[in-house]
Amino acid sequence: MSLRSEEDLCCTICRDIFRDPVVLSCSHSYCKDCLQNWWRGKQLLECPVCKRRSSRSDPPRNLALKKICEAILQRAENRTSTGNEIQCKLHHERFKLFCLHHQEPICLVCQHSDTHNGHRFKPANEVAGEHKTELQKLLRPLQEKLRLFEEVKTSCDQTAEHMKVKAEHTERHIREQFKKLHQFLQKEEEARIVALRGEEKKKSQMMKAKSDALSKEIAALSDTIRATEKVIGAADVAFLQNFKVAVERVRQHPPMEDPQPVSGGLMDVAKHLGNLTFNIWSKMKNMVSYSPVILDPNTANSELILSEDLTSVRCGQKQDVPDNPERFDFFRIVLGSKGVNSGTYSWDVEVGESTDWFVGVAAESVQRKGKHPSCLWRIGCFDGKYIARSLSDPSTALSLAGKLHKIRVYLNWNMGKLVFFDLDTNTHIHTFTHNFTERLFPYFNTVNAQPLKLIPEKLSLRC
């Protein structure tokens with residue numbers, strides 16, 4: 001026990017010696033109060049370090065760790081009460097009082113000297129306790145801010161790594177496409193690679209700059225916190241002598257806003273891969289195919305798998321992707337890469353034999369995190385029944401002659417109409433009427449392994 005460092009006996013939340021520690025199923029331990037405060041208001045009870053979910057809201061106490069920490073704390077208190085205390089240089093007596101007039105510790109002999117005649121005194125340990133409490137309160141916001149900076153920096157580093165992998169994957173797909181267009185398209189191919197690498201470099205620099213800035217803030221906060229914690233951990237008299245400097249150091253720390261996750265930090269894959277062959281139709285018009293909607297992988301739930309050309313989506317195993325602000329984290333939803341706020345648009349979707357799906361549109365302000373996404377207008381198949389849903393209104397049952405296999409979605413933003421047709425029978429399915437005020441994005445939701453496919457448009461190209 002004596003060889004165990006105090007760092008190993010510190011809670012990673014409050015960064016102090018464990019008090020009433022509890023242990024999670026992942027073997028990580030925390031102060032009971034710290035863990036409960038961390039979980040307060042959160043839907044998922046996760047380990048703050050490894051993010052593994054806890055099956056219990058009241059994890060068991062770590063009795064062995066509690067005994068070790070109590071012994072360490074008791075030993076520290078004994079050293080404080082009997083150890084090398086600072087003595088009065090004039091009278092070589094222990095400091096036991098604190099002069100409220102001079103704001104300094106004094107010994108019992110100093111109390112009766114002319115220097116302190118008529119002054120008020122309090123026990124040094126009592127004043128030290130009050131000042132430690134005050135300094136702890138000042139320190140807590142910095143500790144919390146440090147935690148936020150560390151979390152956002154971790155997210156930035158993960159996003160940067162994912163972006164690099166995605167850029168490499170995108171490059172491979174672009175090269176495969178250009179192989180089919182033969183040598184006379186090499187010039188076009190290289191131009192697109194340059195654009196891809198330019199975006200990668202630009203966003204990599206942005207992420208690096210964000211990460212470097214966070215590192216600087218973390219270093220500054222860490223230095224202040226370490227220095228302040230060192231003062232707090234000192235004996236009472238030494239603490240009192242350094243208290244003013246410590247308080248000034250904390251108060252003079254430059255104000256900082258809470259760090260925010262980087263929005264738009266991922267590669268814009270849709271820009272590089274979307275309608276790739278259509279954009280070069282004048283050179284290879286016999287190979288052109290055009291989809292009016294390109295799926296945005298940055299919005300896709302982690303269990304959705306998109307095709308290489310971003311025109312179909314199916315449900316599969318959970319993928320290791322960043323939890324960026326644009327991504328849906330609960331429902332299996334993906335949006336189109338481009339939104340509209342005027343005009344008329346249509347696109348066709350092949351649902352095949354899928355039995356649990358929704359298609360429609362989502363407003364730009366749609367809630368992407370949690371169980372209650374709003375601002376949606378869609379039709380779909382749920383539990384074998386066809387229904388229509390809009391906003392938070394109840395579902396409307398759809399009466400259809402047969403199964404739906406291909407659907408046309410028609411949006412007239414200015415007229416406030418969203419219409420669905422059965423392509424196989426050319427019959428009307430349902431119409432939503434709403435005064436749209438936001439940009440709308442094509443919306444897809446599926447829990448099936450069979451994909452939802454965007455049907456390419458038939459084009460008549462003229463030179």
# chains A, B, ... in the order shown; residues from 1 in each chain; ligands from 1
call {"tool": "residues_around", "arguments": {"residues": "Leu276 in chain A", "least_positions_apart": "4", "cutoff": "12 Å", "atoms": "only C-alpha atoms", "output": "ChimeraX atom specification"}}
result
/A:173-178,181,188-189,192,269-272,280-281,284,287-291,294,308-311
call {"tool": "write_last_selection", "arguments": {"atoms": "N, CA and C atoms", "output": "PDB file, in the first residue's frame"}}
result
ATOM      1  N   HIS A 173     -12.436   5.000 -54.569  1.00  0.00           N
ATOM      2  CA  HIS A 173     -13.648   4.894 -55.384  1.00  0.00           C
ATOM      3  C   HIS A 173     -13.570   5.804 -56.608  1.00  0.00           C
ATOM      4  N   ILE A 174     -13.039   6.991 -56.424  1.00  0.00           N
ATOM      5  CA  ILE A 174     -12.884   7.898 -57.565  1.00  0.00           C
ATOM      6  C   ILE A 174     -11.990   7.277 -58.633  1.00  0.00           C
ATOM      7  N   ARG A 175     -10.904   6.654 -58.198  1.00  0.00           N
ATOM      8  CA  ARG A 175      -9.986   6.036 -59.151  1.00  0.00           C
ATOM      9  C   ARG A 175     -10.664   4.880 -59.905  1.00  0.00           C
ATOM     10  N   GLU A 176     -11.489   4.099 -59.188  1.00  0.00           N
ATOM     11  CA  GLU A 176     -12.198   3.001 -59.850  1.00  0.00           C
ATOM     12  C   GLU A 176     -13.148   3.530 -60.914  1.00  0.00           C
ATOM     13  N   GLN A 177     -13.841   4.637 -60.601  1.00  0.00           N
ATOM     14  CA  GLN A 177     -14.751   5.229 -61.578  1.00  0.00           C
ATOM     15  C   GLN A 177     -14.007   5.727 -62.814  1.00  0.00           C
ATOM     16  N   PHE A 178     -12.887   6.336 -62.562  1.00  0.00           N
ATOM     17  CA  PHE A 178     -12.159   6.903 -63.696  1.00  0.00           C
ATOM     18  C   PHE A 178     -11.487   5.852 -64.571  1.00  0.00           C
ATOM     19  N   LEU A 181     -13.561   5.145 -67.521  1.00  0.00           N
ATOM     20  CA  LEU A 181     -13.685   6.226 -68.501  1.00  0.00           C
ATOM     21  C   LEU A 181     -12.453   6.344 -69.407  1.00  0.00           C
ATOM     22  N   GLU A 188      -9.538  14.864 -66.124  1.00  0.00           N
ATOM     23  CA  GLU A 188     -10.678  15.122 -65.234  1.00  0.00           C
ATOM     24  C   GLU A 188     -10.487  14.424 -63.887  1.00  0.00           C
ATOM     25  N   GLU A 189      -9.954  13.201 -63.969  1.00  0.00           N
ATOM     26  CA  GLU A 189      -9.724  12.426 -62.745  1.00  0.00           C
ATOM     27  C   GLU A 189      -8.759  13.149 -61.806  1.00  0.00           C
ATOM     28  N   ARG A 192     -10.198  16.086 -59.979  1.00  0.00           N
ATOM     29  CA  ARG A 192     -11.045  15.753 -58.828  1.00  0.00           C
ATOM     30  C   ARG A 192     -10.206  15.280 -57.640  1.00  0.00           C
ATOM     31  N   VAL A 269     -17.977  14.028 -48.613  1.00  0.00           N
ATOM     32  CA  VAL A 269     -17.871  12.930 -49.583  1.00  0.00           C
ATOM     33  C   VAL A 269     -18.898  13.078 -50.696  1.00  0.00           C
ATOM     34  N   ALA A 270     -20.089  13.586 -50.338  1.00  0.00           N
ATOM     35  CA  ALA A 270     -21.138  13.714 -51.346  1.00  0.00           C
ATOM     36  C   ALA A 270     -20.708  14.637 -52.480  1.00  0.00           C
ATOM     37  N   LYS A 271     -19.936  15.659 -52.189  1.00  0.00           N
ATOM     38  CA  LYS A 271     -19.500  16.595 -53.227  1.00  0.00           C
ATOM     39  C   LYS A 271     -18.580  15.907 -54.229  1.00  0.00           C
ATOM     40  N   HIS A 272     -17.755  14.976 -53.748  1.00  0.00           N
ATOM     41  CA  HIS A 272     -16.776  14.326 -54.620  1.00  0.00           C
ATOM     42  C   HIS A 272     -17.374  13.140 -55.386  1.00  0.00           C
ATOM     43  N   ILE A 280     -19.625  14.533 -65.937  1.00  0.00           N
ATOM     44  CA  ILE A 280     -18.731  14.423 -67.099  1.00  0.00           C
ATOM     45  C   ILE A 280     -19.488  13.840 -68.301  1.00  0.00           C
ATOM     46  N   TRP A 281     -20.810  14.105 -68.341  1.00  0.00           N
ATOM     47  CA  TRP A 281     -21.653  13.502 -69.380  1.00  0.00           C
ATOM     48  C   TRP A 281     -21.259  13.929 -70.786  1.00  0.00           C
ATOM     49  N   MET A 284     -18.557  11.414 -71.747  1.00  0.00           N
ATOM     50  CA  MET A 284     -18.906   9.989 -71.766  1.00  0.00           C
ATOM     51  C   MET A 284     -20.417   9.845 -71.624  1.00  0.00           C
ATOM     52  N   MET A 287     -22.337   6.618 -70.797  1.00  0.00           N
ATOM     53  CA  MET A 287     -22.156   5.981 -69.492  1.00  0.00           C
ATOM     54  C   MET A 287     -22.813   6.763 -68.362  1.00  0.00           C
ATOM     55  N   VAL A 288     -23.561   7.810 -68.718  1.00  0.00           N
ATOM     56  CA  VAL A 288     -24.112   8.703 -67.695  1.00  0.00           C
ATOM     57  C   VAL A 288     -25.302   8.070 -66.989  1.00  0.00           C
ATOM     58  N   SER A 289     -25.309   8.227 -65.675  1.00  0.00           N
ATOM     59  CA  SER A 289     -26.508   7.956 -64.880  1.00  0.00           C
ATOM     60  C   SER A 289     -26.616   9.092 -63.867  1.00  0.00           C
ATOM     61  N   TYR A 290     -27.851   9.520 -63.580  1.00  0.00           N
ATOM     62  CA  TYR A 290     -28.045  10.679 -62.705  1.00  0.00           C
ATOM     63  C   TYR A 290     -29.082  10.371 -61.631  1.00  0.00           C
ATOM     64  N   SER A 291     -28.701  10.630 -60.377  1.00  0.00           N
ATOM     65  CA  SER A 291     -29.640  10.487 -59.267  1.00  0.00           C
ATOM     66  C   SER A 291     -29.959  11.873 -58.732  1.00  0.00           C
ATOM     67  N   ILE A 294     -28.491  12.565 -53.539  1.00  0.00           N
ATOM     68  CA  ILE A 294     -27.284  11.888 -53.087  1.00  0.00           C
ATOM     69  C   ILE A 294     -27.330  11.838 -51.562  1.00  0.00           C
ATOM     70  N   GLU A 308     -21.466   2.613 -52.519  1.00  0.00           N
ATOM     71  CA  GLU A 308     -20.302   3.400 -52.915  1.00  0.00           C
ATOM     72  C   GLU A 308     -20.688   4.704 -53.600  1.00  0.00           C
ATOM     73  N   ASP A 309     -21.786   4.663 -54.414  1.00  0.00           N
ATOM     74  CA  ASP A 309     -22.190   5.874 -55.132  1.00  0.00           C
ATOM     75  C   ASP A 309     -23.192   6.707 -54.337  1.00  0.00           C
ATOM     76  N   LEU A 310     -23.462   6.312 -53.078  1.00  0.00           N
ATOM     77  CA  LEU A 310     -24.323   7.073 -52.161  1.00  0.00           C
ATOM     78  C   LEU A 310     -25.745   7.207 -52.666  1.00  0.00           C
ATOM     79  N   THR A 311     -26.266   6.134 -53.326  1.00  0.00           N
ATOM     80  CA  THR A 311     -27.647   6.176 -53.819  1.00  0.00           C
ATOM     81  C   THR A 311     -28.514   5.062 -53.235  1.00  0.00           C
TER      82      THR A 311
END
call {"tool": "closest_atom_pairs", "arguments": {"of": "range 331-354 of chain A", "to": "range 360-384 of chain A", "cutoff": "10 Å", "atoms": "only C-alpha atoms", "output": "CSV"}}
result
residue,atom,partner,partner_atom,distance
A:Phe331,CA,A:Lys371,CA,7.1
A:Ile333,CA,A:Arg368,CA,8.9
A:Leu335,CA,A:Ala362,CA,7.8
A:Gly336,CA,A:Val361,CA,9.1
A:Gly339,CA,A:Glu364,CA,7.8
A:Val340,CA,A:Glu364,CA,9.6
A:Asn341,CA,A:Ala363,CA,9.8
A:Val351,CA,A:Gly380,CA,9.7
A:Ser354,CA,A:Cys381,CA,8.3
call {"tool": "residues_around", "arguments": {"residues": "range 219-236 of chain A", "least_positions_apart": "2", "cutoff": "7 Å", "atoms": "only C-alpha atoms", "output": "mmCIF file with N, CA and C atoms, in the first residue's frame"}}
result
data_model
loop_
_atom_site.group_PDB
_atom_site.id
_atom_site.type_symbol
_atom_site.label_atom_id
_atom_site.label_comp_id
_atom_site.auth_asym_id
_atom_site.auth_seq_id
_atom_site.Cartn_x
_atom_site.Cartn_y
_atom_site.Cartn_z
ATOM 1 N N THR A 80 -0.099 16.349 8.969
ATOM 2 C CA THR A 80 -0.429 17.762 9.105
ATOM 3 C C THR A 80 -0.432 18.197 10.568
ATOM 4 N N ASN A 125 -6.362 26.918 12.014
ATOM 5 C CA ASN A 125 -6.958 25.798 11.280
ATOM 6 C C ASN A 125 -8.379 26.116 10.824
ATOM 7 N N ALA A 128 -7.992 28.417 7.796
ATOM 8 C CA ALA A 128 -7.500 27.606 6.677
ATOM 9 C C ALA A 128 -8.617 26.789 6.060
ATOM 10 N N LYS A 132 -9.789 27.159 2.273
ATOM 11 C CA LYS A 132 -9.701 25.990 1.381
ATOM 12 C C LYS A 132 -11.040 25.750 0.692
ATOM 13 N N LEU A 142 -12.890 25.489 -13.213
ATOM 14 C CA LEU A 142 -11.724 25.189 -14.048
ATOM 15 C C LEU A 142 -11.573 23.690 -14.261
ATOM 16 N N LEU A 146 -11.717 21.937 -17.834
ATOM 17 C CA LEU A 146 -10.648 21.050 -18.291
ATOM 18 C C LEU A 146 -11.223 19.749 -18.817
ATOM 19 N N SER A 215 -5.227 21.948 -26.974
ATOM 20 C CA SER A 215 -4.059 21.514 -26.196
ATOM 21 C C SER A 215 -3.489 22.668 -25.379
ATOM 22 N N LYS A 216 -3.441 23.861 -25.999
ATOM 23 C CA LYS A 216 -2.923 25.016 -25.266
ATOM 24 C C LYS A 216 -3.815 25.367 -24.080
ATOM 25 N N GLU A 217 -5.143 25.341 -24.323
ATOM 26 C CA GLU A 217 -6.062 25.658 -23.239
ATOM 27 C C GLU A 217 -5.973 24.617 -22.126
ATOM 28 N N ALA A 238 1.384 26.875 5.591
ATOM 29 C CA ALA A 238 1.944 27.080 4.259
ATOM 30 C C ALA A 238 0.844 27.445 3.268
ATOM 31 N N PHE A 239 -0.314 26.796 3.448
ATOM 32 C CA PHE A 239 -1.448 27.120 2.589
ATOM 33 C C PHE A 239 -1.859 28.574 2.758
ATOM 34 N N LEU A 240 -1.968 29.013 4.028
ATOM 35 C CA LEU A 240 -2.399 30.387 4.285
ATOM 36 C C LEU A 240 -1.408 31.403 3.719
ATOM 37 N N ASN A 242 0.315 31.093 1.097
ATOM 38 C CA ASN A 242 0.252 31.115 -0.367
ATOM 39 C C ASN A 242 -1.160 31.296 -0.886
ATOM 40 N N ALA A 246 -2.520 32.074 -4.723
ATOM 41 C CA ALA A 246 -3.291 31.024 -5.410
ATOM 42 C C ALA A 246 -4.632 31.561 -5.889
ATOM 43 N N VAL A 250 -5.940 31.892 -9.844
ATOM 44 C CA VAL A 250 -7.178 31.318 -10.382
ATOM 45 C C VAL A 250 -8.064 32.412 -10.968
#
call {"tool": "select_by_dssp", "arguments": {"residues": "range 205-262 of chain A", "states": "helix (DSSP H, G or I)", "output": "ChimeraX atom specification"}}
result
/A:205-232,236-251
call {"tool": "write_last_selection", "arguments": {"atoms": "C-alpha atoms", "output": "short mmCIF file (atom, residue, chain, number, x, y, z; two decimals), in the first residue's frame"}}
result
data_model
loop_
_atom_site.label_atom_id
_atom_site.label_comp_id
_atom_site.auth_asym_id
_atom_site.auth_seq_id
_atom_site.Cartn_x
_atom_site.Cartn_y
_atom_site.Cartn_z
CA GLN A 205 -5.43 21.99 -40.97
CA MET A 206 -8.69 23.15 -39.41
CA MET A 207 -8.87 20.09 -37.15
CA LYS A 208 -5.18 20.39 -36.27
CA ALA A 209 -5.61 24.06 -35.44
CA LYS A 210 -8.62 23.22 -33.26
CA SER A 211 -6.73 20.39 -31.57
CA ASP A 212 -3.65 22.57 -31.01
CA ALA A 213 -5.80 25.34 -29.54
CA LEU A 214 -7.47 22.87 -27.22
CA SER A 215 -4.06 21.51 -26.20
CA LYS A 216 -2.92 25.02 -25.27
CA GLU A 217 -6.06 25.66 -23.24
CA ILE A 218 -5.73 22.28 -21.54
CA ALA A 219 -2.09 22.96 -20.71
CA ALA A 220 -2.95 26.36 -19.25
CA LEU A 221 -5.82 24.96 -17.21
CA SER A 222 -3.74 22.00 -16.07
CA ASP A 223 -0.89 24.25 -14.89
CA THR A 224 -3.26 26.45 -12.92
CA ILE A 225 -5.09 23.48 -11.43
CA ARG A 226 -1.88 21.64 -10.49
CA ALA A 227 -0.40 24.72 -8.85
CA THR A 228 -3.62 25.43 -6.96
CA GLU A 229 -4.03 21.81 -5.88
CA LYS A 230 -0.45 21.86 -4.60
CA VAL A 231 -1.28 24.90 -2.46
CA ILE A 232 -4.48 23.26 -1.21
CA ASP A 236 -2.45 24.93 6.87
CA VAL A 237 0.16 27.57 7.56
CA ALA A 238 1.94 27.08 4.26
CA PHE A 239 -1.45 27.12 2.59
CA LEU A 240 -2.40 30.39 4.29
CA GLN A 241 0.87 31.99 3.28
CA ASN A 242 0.25 31.12 -0.37
CA PHE A 243 -3.51 31.52 -0.35
CA LYS A 244 -3.65 35.02 -1.80
CA VAL A 245 -1.29 34.17 -4.62
CA ALA A 246 -3.29 31.02 -5.41
CA VAL A 247 -6.61 32.88 -5.44
CA GLU A 248 -5.15 35.60 -7.65
CA ARG A 249 -3.76 32.99 -10.03
CA VAL A 250 -7.18 31.32 -10.38
CA ARG A 251 -9.07 34.61 -10.71
#
call {"tool": "residues_around", "arguments": {"residues": "range 62-69 of chain A", "least_positions_apart": "4", "cutoff": "8 Å", "atoms": "only C-alpha atoms", "output": "VMD selection string"}}
result
chain A and resid 1 9 17 to 23 29 73
call {"tool": "residues_around", "arguments": {"residues": "range 419-425 of chain A", "least_positions_apart": "5", "cutoff": "10 Å", "atoms": "only C-alpha atoms", "output": "PyMOL selection string"}}
result
chain A and resi 346+348-350+359-360+378-379+400-412+430-433
call {"tool": "atom_distance", "arguments": {"atom1": "CA of Pro325 in chain A", "atom2": "CA of Phe149 in chain A"}}
result
16.7 Å
call {"tool": "select_by_dssp", "arguments": {"residues": "range 49-298 of chain A", "states": "strand (DSSP E or B)", "output": "ChimeraX atom specification"}}
result
/A:53,61,87,94,97-99,104-106,121-123,290,295
call {"tool": "closest_residue", "arguments": {"among": "A:Asn448, A:Thr344, A:Ser57, A:Thr299", "to": "Leu418 in chain A", "atoms": "only C-alpha atoms"}}
result
A:Thr344
call {"tool": "residues_around", "arguments": {"residues": "Val447 in chain A", "least_positions_apart": "3", "cutoff": "7 Å", "atoms": "only C-alpha atoms", "output": "list in words"}}
result
Cys315, Arg332, Asp356 and Trp357 of chain A
call {"tool": "residues_around", "arguments": {"residues": "Ala449 in chain A", "least_positions_apart": "5", "cutoff": "10 Å", "atoms": "only C-alpha atoms", "output": "ChimeraX atom specification"}}
result
/A:304-305,313-317,354
call {"tool": "write_last_selection", "arguments": {"atoms": "N, CA and C atoms", "output": "mmCIF file, in the first residue's frame"}}
result
data_model
loop_
_atom_site.group_PDB
_atom_site.id
_atom_site.type_symbol
_atom_site.label_atom_id
_atom_site.label_comp_id
_atom_site.auth_asym_id
_atom_site.auth_seq_id
_atom_site.Cartn_x
_atom_site.Cartn_y
_atom_site.Cartn_z
ATOM 1 N N LEU A 304 -26.272 2.266 -40.366
ATOM 2 C CA LEU A 304 -26.652 2.303 -41.777
ATOM 3 C C LEU A 304 -25.415 2.174 -42.659
ATOM 4 N N ILE A 305 -25.557 1.406 -43.735
ATOM 5 C CA ILE A 305 -24.467 1.193 -44.689
ATOM 6 C C ILE A 305 -24.900 1.758 -46.032
ATOM 7 N N VAL A 313 -29.230 2.624 -49.333
ATOM 8 C CA VAL A 313 -28.911 2.495 -47.913
ATOM 9 C C VAL A 313 -29.593 1.257 -47.353
ATOM 10 N N ARG A 314 -28.861 0.558 -46.483
ATOM 11 C CA ARG A 314 -29.420 -0.608 -45.808
ATOM 12 C C ARG A 314 -28.923 -0.609 -44.370
ATOM 13 N N CYS A 315 -29.569 -1.398 -43.535
ATOM 14 C CA CYS A 315 -29.182 -1.499 -42.130
ATOM 15 C C CYS A 315 -28.231 -2.673 -41.944
ATOM 16 N N GLY A 316 -27.191 -2.479 -41.149
ATOM 17 C CA GLY A 316 -26.216 -3.540 -40.901
ATOM 18 C C GLY A 316 -25.625 -3.406 -39.516
ATOM 19 N N GLN A 317 -24.413 -3.937 -39.351
ATOM 20 C CA GLN A 317 -23.750 -3.855 -38.057
ATOM 21 C C GLN A 317 -23.255 -2.440 -37.794
ATOM 22 N N SER A 354 -38.830 -4.588 -48.564
ATOM 23 C CA SER A 354 -38.591 -4.137 -47.196
ATOM 24 C C SER A 354 -39.907 -3.961 -46.457
#
call {"tool": "atom_distance", "arguments": {"atom1": "CA of Arg53 in chain A", "atom2": "CA of Lys164 in chain A"}}
result
28.7 Å
